[in-house]
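Novice: To start, I am sharing the structure in question, which I have written as structure tokens.
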Amino acid sequence: MYNFEYFAPTKVVFGRKTSEQTGQLVKEEKCSKVLIHYGGNSAKRSGLIDSIKRSLDEAGISYVELGGVVPNPRLSLVYQGIELCRKENVDFILAVGGGSVIDSSKAIGYGVANGGDVWDFYDRKRQADTCLPIGVVLTIAAAGSEMSDSSVITKEEGWIKRAYNSDLARPRFAVMDPELTMTLPDYQTACGCTDILMHTMERYFTSGGNMEITDSIAEALMRTVMKYAHVLKADPGNYEARAEIMWAGSLSHNGLTGCGNDGGDFATHMLEHEIGGMFDVAHGAGLAAVWGSWARYVYKDCLPRFVRFAVNVMGIQEGGSPEETALKGIEAMEDFYRSIDMPTSFAELGLDPTDEQMKTMARMCSITTNDNAGSARILHEADMLAIYEMAR
């Protein structure tokens with residue numbers, strides 16, 4: 001194991017009707033004016049935004065609002081949010097939605113609290129010194145951004161998708177009511193389950209420093225998500241399943257499953273960012289489409305981990321060579337993806353990238369990672385291109 005620091009300062013308020021506590025939670029932050037940031041019309045149609053407003057009114061909190069966040073949240077809306085917050089003297093941001101809304105809120109928080117262009121942080125040109133405080137009312141179990149240090153933004157000019165990580169943006173609180181996720185389309189639920197699994201696997205498939213307790217937590221989390229993903233496919237209104245998935249989403253990306261290892265691989269995420277940036281696909285679906293190709297490309301360099309995954313997570317009986325066991329585990333995970341209608345290739349994702357597009361994605365991924373991505377195996381530009389080609 002390696003030395004580690006674990007920092008998870010977000011207060012979690014979990015369960016039915018917990019969104020009714022939002023106003024009091026914001027009041028405890030001693031702010032004067034709030035930006036309510038959300039996505040499309042569903043949050044309004046459901047009555048959630050009106051309910052949040054009533055809660056803030058009862059707490060005596062002033063607010064302005066900005067909707068319009070889309071999957072793969074856009075830099076242009078972040079700029080609008082920064083301008084609005086400065087104009088209205090906003091000192092707290094309330095994200096009502098899923099990972100895209102939370103990520104957009106974090107970017108706005110960086111932009112308001114720091115001078116210059118907020119994209120500089122995502123473009124690796126400088127580091128943020130501070131961030132407006134953020135609270136979350138979670139409506140989608142997927143990204144884990146409600147407890148994480150990360151956010152991902154897409155710049156429309158060139159369709160560049162980039163991540164920025166800083167503890168400064170970890171939310172002060174996260175309200176998690178599983179009932180708020182029950183109206184999600186099946187596809188969104190499946191994408192969310194895939195993202196949760198991937199956040200765990202990114203930290204699981206590492207080249208060193210592993211701890212038994214961390215591995216065991218990660219393995220139980222993955223088994224739980226797969227179990228309840230199947231339950232939700234058959235019964236989308238199952239509260240217990242929604243609750244298990246929602247809590248798993250937070251634990252998958254708050255650093256817990258990375259304690260004691262080398263920090264994680266995250267090459268699959270980097271590869272998907274280029275797919276999402278170029279083709280604007282759902283993040284979870286893009287991850288599923290490329291994961292199997294990544295796994296087959298790197299498994300021999302991380303063989304003990306892939307064997308353990310096959311046996312402890314996918315239930316493969318050991319027999320034959322370690323390579324055969326590892327490959328059976330990869331195949332079983334791809335079978336799971338298909339069972340919840342997730343793609344396992346570009347073709348299943350509905351894409352047919354040209355050779356030039358794949359070269360562009362590989363080049364951009366290489367630039368973003370300084371041509372040094374991963375932990376299970378270090379990937380360079382040629383490796384990235386090979387994985388994209390395998391994913392056809």
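Every chain in the structure tokens takes a letter, A first, then B, and so on in the order presented; its residues are numbered from 1, and the ligands are numbered from 1 following the presented order.
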Give me every strand (DSSP E or B) residue in stretch 21-168 of chain A, going by DSSP on the backbone, as a PyMOL selection string.
Specialist: chain A and resi 33-38+62-66+74+92-97+134-138+150-155+160-165
Novice: Could you dump the residues just selected with N, CA and C atoms as a tab-separated table (two decimals), in the first residue's frame?
Specialist:
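Written file, again.tsv:
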```tsv
chain	number	residue	atom	x	y	z
A	33	LYS	N	-26.98	35.51	-1.23
A	33	LYS	CA	-27.73	35.32	-2.46
A	33	LYS	C	-27.25	34.07	-3.19
A	34	VAL	N	-28.20	33.32	-3.71
A	34	VAL	CA	-27.91	32.01	-4.28
A	34	VAL	C	-28.22	31.99	-5.78
A	35	LEU	N	-27.37	31.30	-6.54
A	35	LEU	CA	-27.70	30.95	-7.92
A	35	LEU	C	-28.24	29.53	-7.91
A	36	ILE	N	-29.51	29.35	-8.34
A	36	ILE	CA	-30.06	28.02	-8.56
A	36	ILE	C	-29.72	27.62	-9.98
A	37	HIS	N	-28.90	26.61	-10.12
A	37	HIS	CA	-28.42	26.19	-11.43
A	37	HIS	C	-28.99	24.80	-11.73
A	38	TYR	N	-29.57	24.64	-12.91
A	38	TYR	CA	-30.22	23.36	-13.23
A	38	TYR	C	-30.16	23.10	-14.73
A	62	SER	N	-32.35	34.96	-0.65
A	62	SER	CA	-32.59	35.50	-1.99
A	62	SER	C	-31.91	34.62	-3.03
A	63	TYR	N	-32.45	34.63	-4.25
A	63	TYR	CA	-31.88	33.78	-5.28
A	63	TYR	C	-32.17	34.30	-6.68
A	64	VAL	N	-31.33	33.87	-7.60
A	64	VAL	CA	-31.57	34.01	-9.04
A	64	VAL	C	-31.41	32.61	-9.62
A	65	GLU	N	-31.80	32.42	-10.86
A	65	GLU	CA	-31.72	31.07	-11.43
A	65	GLU	C	-31.14	31.10	-12.84
A	66	LEU	N	-30.54	29.98	-13.19
A	66	LEU	CA	-30.01	29.79	-14.54
A	66	LEU	C	-30.15	28.32	-14.91
A	74	ARG	N	-21.59	22.91	-21.31
A	74	ARG	CA	-20.92	23.82	-22.22
A	74	ARG	C	-20.27	25.00	-21.51
A	92	PHE	N	-23.26	32.00	-3.33
A	92	PHE	CA	-23.43	30.56	-3.13
A	92	PHE	C	-24.13	30.00	-4.36
A	93	ILE	N	-23.71	28.81	-4.80
A	93	ILE	CA	-24.32	28.17	-5.96
A	93	ILE	C	-25.00	26.88	-5.52
A	94	LEU	N	-26.27	26.74	-5.90
A	94	LEU	CA	-27.03	25.54	-5.60
A	94	LEU	C	-27.27	24.78	-6.90
A	95	ALA	N	-26.63	23.63	-7.04
A	95	ALA	CA	-26.78	22.79	-8.23
A	95	ALA	C	-27.94	21.83	-8.01
A	96	VAL	N	-28.96	21.91	-8.88
A	96	VAL	CA	-30.11	21.02	-8.79
A	96	VAL	C	-30.10	20.15	-10.04
A	97	GLY	N	-29.61	18.94	-9.92
A	97	GLY	CA	-29.48	18.08	-11.09
A	97	GLY	C	-28.45	16.99	-10.86
A	134	ILE	N	-20.55	25.62	-2.94
A	134	ILE	CA	-21.56	24.94	-3.75
A	134	ILE	C	-22.32	23.94	-2.90
A	135	GLY	N	-23.63	23.88	-3.12
A	135	GLY	CA	-24.47	22.84	-2.55
A	135	GLY	C	-25.17	22.09	-3.67
A	136	VAL	N	-25.65	20.90	-3.38
A	136	VAL	CA	-26.22	20.05	-4.42
A	136	VAL	C	-27.55	19.45	-3.96
A	137	VAL	N	-28.53	19.47	-4.84
A	137	VAL	CA	-29.71	18.62	-4.73
A	137	VAL	C	-29.62	17.65	-5.90
A	138	LEU	N	-29.29	16.40	-5.61
A	138	LEU	CA	-28.95	15.43	-6.65
A	138	LEU	C	-30.21	14.79	-7.24
A	150	SER	N	-13.82	16.88	-8.82
A	150	SER	CA	-13.63	17.03	-10.26
A	150	SER	C	-14.82	17.66	-10.95
A	151	SER	N	-14.56	18.27	-12.09
A	151	SER	CA	-15.61	18.73	-12.99
A	151	SER	C	-15.09	18.63	-14.42
A	152	VAL	N	-16.01	18.45	-15.36
A	152	VAL	CA	-15.66	18.30	-16.77
A	152	VAL	C	-16.52	19.24	-17.59
A	153	ILE	N	-15.88	20.04	-18.44
A	153	ILE	CA	-16.57	21.06	-19.23
A	153	ILE	C	-16.16	20.89	-20.70
A	154	THR	N	-17.12	21.17	-21.60
A	154	THR	CA	-16.86	21.11	-23.03
A	154	THR	C	-16.83	22.52	-23.63
A	155	LYS	N	-15.74	22.82	-24.29
A	155	LYS	CA	-15.60	24.10	-25.00
A	155	LYS	C	-16.07	23.91	-26.43
A	160	ILE	N	-13.85	20.68	-27.43
A	160	ILE	CA	-12.81	20.15	-26.56
A	160	ILE	C	-13.40	19.90	-25.18
A	161	LYS	N	-13.28	18.68	-24.69
A	161	LYS	CA	-13.83	18.28	-23.39
A	161	LYS	C	-12.68	18.05	-22.42
A	162	ARG	N	-12.68	18.81	-21.31
A	162	ARG	CA	-11.55	18.75	-20.39
A	162	ARG	C	-12.03	18.72	-18.94
A	163	ALA	N	-11.23	18.09	-18.09
A	163	ALA	CA	-11.52	17.98	-16.67
A	163	ALA	C	-10.59	18.88	-15.86
A	164	TYR	N	-11.09	19.32	-14.71
A	164	TYR	CA	-10.24	20.04	-13.75
A	164	TYR	C	-10.59	19.52	-12.36
A	165	ASN	N	-9.57	19.23	-11.57
A	165	ASN	CA	-9.76	18.69	-10.23
A	165	ASN	C	-9.18	19.62	-9.19
```
Novice: So that I can check the secondary structure, give me every residue of stretch 163-373 of chain A assigned alpha helix (DSSP H) by backbone DSSP, as an NGL selection string.
Specialist: :A and (186-204 or 212-234 or 239-252 or 267-279 or 283-298 or 303-312 or 322-339 or 346-349 or 355-368)
Novice: Compile a residue-level contact table for stretch 67-160 of chain A against stretch 361-384 of chain A at a cut-off of 12 Å, reporting for every qualifying residue the shortest atom pair and its distance in Å to one decimal, with only C-alpha atoms counted, rows ordered by chain and ascending number, as a Markdown table.
Specialist:
```
| residue | atom | partner | partner_atom | distance |
| --- | --- | --- | --- | --- |
| A:Tyr122 | CA | A:Thr368 | CA | 9.9 |
| A:Asp123 | CA | A:Thr368 | CA | 8.3 |
| A:Arg124 | CA | A:Thr368 | CA | 8.6 |
| A:Lys125 | CA | A:Thr368 | CA | 11.7 |
| A:Gly158 | CA | A:Met364 | CA | 10.8 |
| A:Trp159 | CA | A:Met364 | CA | 11.0 |
| A:Ile160 | CA | A:Met364 | CA | 8.6 |
```
Novice: Kindly assemble as JSON lines a list of the stretch 282-377 of chain A residues that lie within 12 Å of stretch 178-194 of chain A, each paired with its nearest atom pair and their distance in Å to one decimal, using only C-alpha atoms, sorted first by chain and then by ascending residue number.
Specialist:
```
{"residue": "A:Ala282", "atom": "CA", "partner": "A:Cys191", "partner_atom": "CA", "distance": 7.2}
{"residue": "A:His283", "atom": "CA", "partner": "A:Cys191", "partner_atom": "CA", "distance": 7.2}
{"residue": "A:Gly284", "atom": "CA", "partner": "A:Cys191", "partner_atom": "CA", "distance": 4.2}
{"residue": "A:Ala285", "atom": "CA", "partner": "A:Cys191", "partner_atom": "CA", "distance": 5.7}
{"residue": "A:Gly286", "atom": "CA", "partner": "A:Cys191", "partner_atom": "CA", "distance": 8.9}
{"residue": "A:Leu287", "atom": "CA", "partner": "A:Thr194", "partner_atom": "CA", "distance": 7.5}
{"residue": "A:Ala288", "atom": "CA", "partner": "A:Thr194", "partner_atom": "CA", "distance": 6.8}
{"residue": "A:Ala289", "atom": "CA", "partner": "A:Thr194", "partner_atom": "CA", "distance": 10.5}
{"residue": "A:Val290", "atom": "CA", "partner": "A:Thr194", "partner_atom": "CA", "distance": 12.0}
{"residue": "A:Trp291", "atom": "CA", "partner": "A:Thr194", "partner_atom": "CA", "distance": 10.4}
{"residue": "A:Met333", "atom": "CA", "partner": "A:Thr194", "partner_atom": "CA", "distance": 10.5}
{"residue": "A:Glu334", "atom": "CA", "partner": "A:Thr194", "partner_atom": "CA", "distance": 11.0}
{"residue": "A:Phe336", "atom": "CA", "partner": "A:Thr194", "partner_atom": "CA", "distance": 9.8}
{"residue": "A:Tyr337", "atom": "CA", "partner": "A:Thr194", "partner_atom": "CA", "distance": 7.7}
{"residue": "A:Arg338", "atom": "CA", "partner": "A:Ala190", "partner_atom": "CA", "distance": 10.2}
{"residue": "A:Ser339", "atom": "CA", "partner": "A:Ala190", "partner_atom": "CA", "distance": 9.8}
{"residue": "A:Ile340", "atom": "CA", "partner": "A:Ala190", "partner_atom": "CA", "distance": 6.1}
{"residue": "A:Asp341", "atom": "CA", "partner": "A:Ala190", "partner_atom": "CA", "distance": 7.4}
{"residue": "A:Met342", "atom": "CA", "partner": "A:Ala190", "partner_atom": "CA", "distance": 7.0}
{"residue": "A:Pro343", "atom": "CA", "partner": "A:Cys191", "partner_atom": "CA", "distance": 10.0}
{"residue": "A:Thr344", "atom": "CA", "partner": "A:Thr194", "partner_atom": "CA", "distance": 11.4}
```
Novice: Residues of the last selection are to be written out with N, CA and C atoms, as a short mmCIF file (atom, residue, chain, number, x, y, z; two decimals), in the first residue's frame.
Specialist:
```
data_model
loop_
_atom_site.label_atom_id
_atom_site.label_comp_id
_atom_site.auth_asym_id
_atom_site.auth_seq_id
_atom_site.Cartn_x
_atom_site.Cartn_y
_atom_site.Cartn_z
N ALA A 282 -23.61 10.38 -24.72
CA ALA A 282 -23.77 10.25 -23.28
C ALA A 282 -22.49 9.64 -22.69
N HIS A 283 -22.05 10.21 -21.59
CA HIS A 283 -20.75 9.84 -21.02
C HIS A 283 -20.69 8.35 -20.67
N GLY A 284 -21.71 7.84 -19.97
CA GLY A 284 -21.69 6.43 -19.58
C GLY A 284 -21.64 5.50 -20.78
N ALA A 285 -22.40 5.83 -21.81
CA ALA A 285 -22.42 5.00 -23.02
C ALA A 285 -21.06 5.03 -23.71
N GLY A 286 -20.43 6.20 -23.76
CA GLY A 286 -19.10 6.29 -24.36
C GLY A 286 -18.07 5.48 -23.61
N LEU A 287 -18.17 5.47 -22.28
CA LEU A 287 -17.25 4.67 -21.47
C LEU A 287 -17.42 3.18 -21.76
N ALA A 288 -18.68 2.73 -21.79
CA ALA A 288 -18.93 1.31 -22.05
C ALA A 288 -18.42 0.90 -23.43
N ALA A 289 -18.55 1.81 -24.40
CA ALA A 289 -18.17 1.49 -25.78
C ALA A 289 -16.67 1.26 -25.93
N VAL A 290 -15.86 1.89 -25.10
CA VAL A 290 -14.41 1.81 -25.27
C VAL A 290 -13.73 0.94 -24.21
N TRP A 291 -14.44 0.64 -23.10
CA TRP A 291 -13.79 -0.06 -21.99
C TRP A 291 -13.24 -1.43 -22.38
N MET A 333 -18.10 -8.65 -18.21
CA MET A 333 -18.47 -7.25 -18.01
C MET A 333 -19.13 -6.68 -19.26
N GLU A 334 -18.62 -7.04 -20.43
CA GLU A 334 -19.27 -6.58 -21.67
C GLU A 334 -20.68 -7.17 -21.79
N PHE A 336 -22.59 -7.81 -19.31
CA PHE A 336 -23.42 -7.00 -18.40
C PHE A 336 -23.84 -5.70 -19.07
N TYR A 337 -22.89 -5.02 -19.70
CA TYR A 337 -23.24 -3.77 -20.39
C TYR A 337 -24.38 -3.99 -21.38
N ARG A 338 -24.25 -5.04 -22.18
CA ARG A 338 -25.29 -5.31 -23.17
C ARG A 338 -26.63 -5.63 -22.50
N SER A 339 -26.57 -6.27 -21.33
CA SER A 339 -27.81 -6.66 -20.64
C SER A 339 -28.60 -5.45 -20.16
N ILE A 340 -27.93 -4.30 -19.99
CA ILE A 340 -28.64 -3.07 -19.61
C ILE A 340 -28.67 -2.08 -20.78
N ASP A 341 -28.47 -2.63 -21.98
CA ASP A 341 -28.58 -1.86 -23.23
C ASP A 341 -27.51 -0.78 -23.36
N MET A 342 -26.32 -1.07 -22.87
CA MET A 342 -25.18 -0.21 -23.08
C MET A 342 -24.31 -0.76 -24.21
N PRO A 343 -23.66 0.10 -24.99
CA PRO A 343 -22.84 -0.36 -26.12
C PRO A 343 -21.48 -0.87 -25.68
N THR A 344 -20.87 -1.70 -26.50
CA THR A 344 -19.52 -2.18 -26.22
C THR A 344 -18.58 -1.91 -27.40
#
```
Novice: Give me the residues within 12 Å of A:Gln127 as a ChimeraX atom specification, counting only C-alpha atoms and dropping any in the same chain fewer than 5 places off.
Specialist: /A:110-111,114-122,164-168
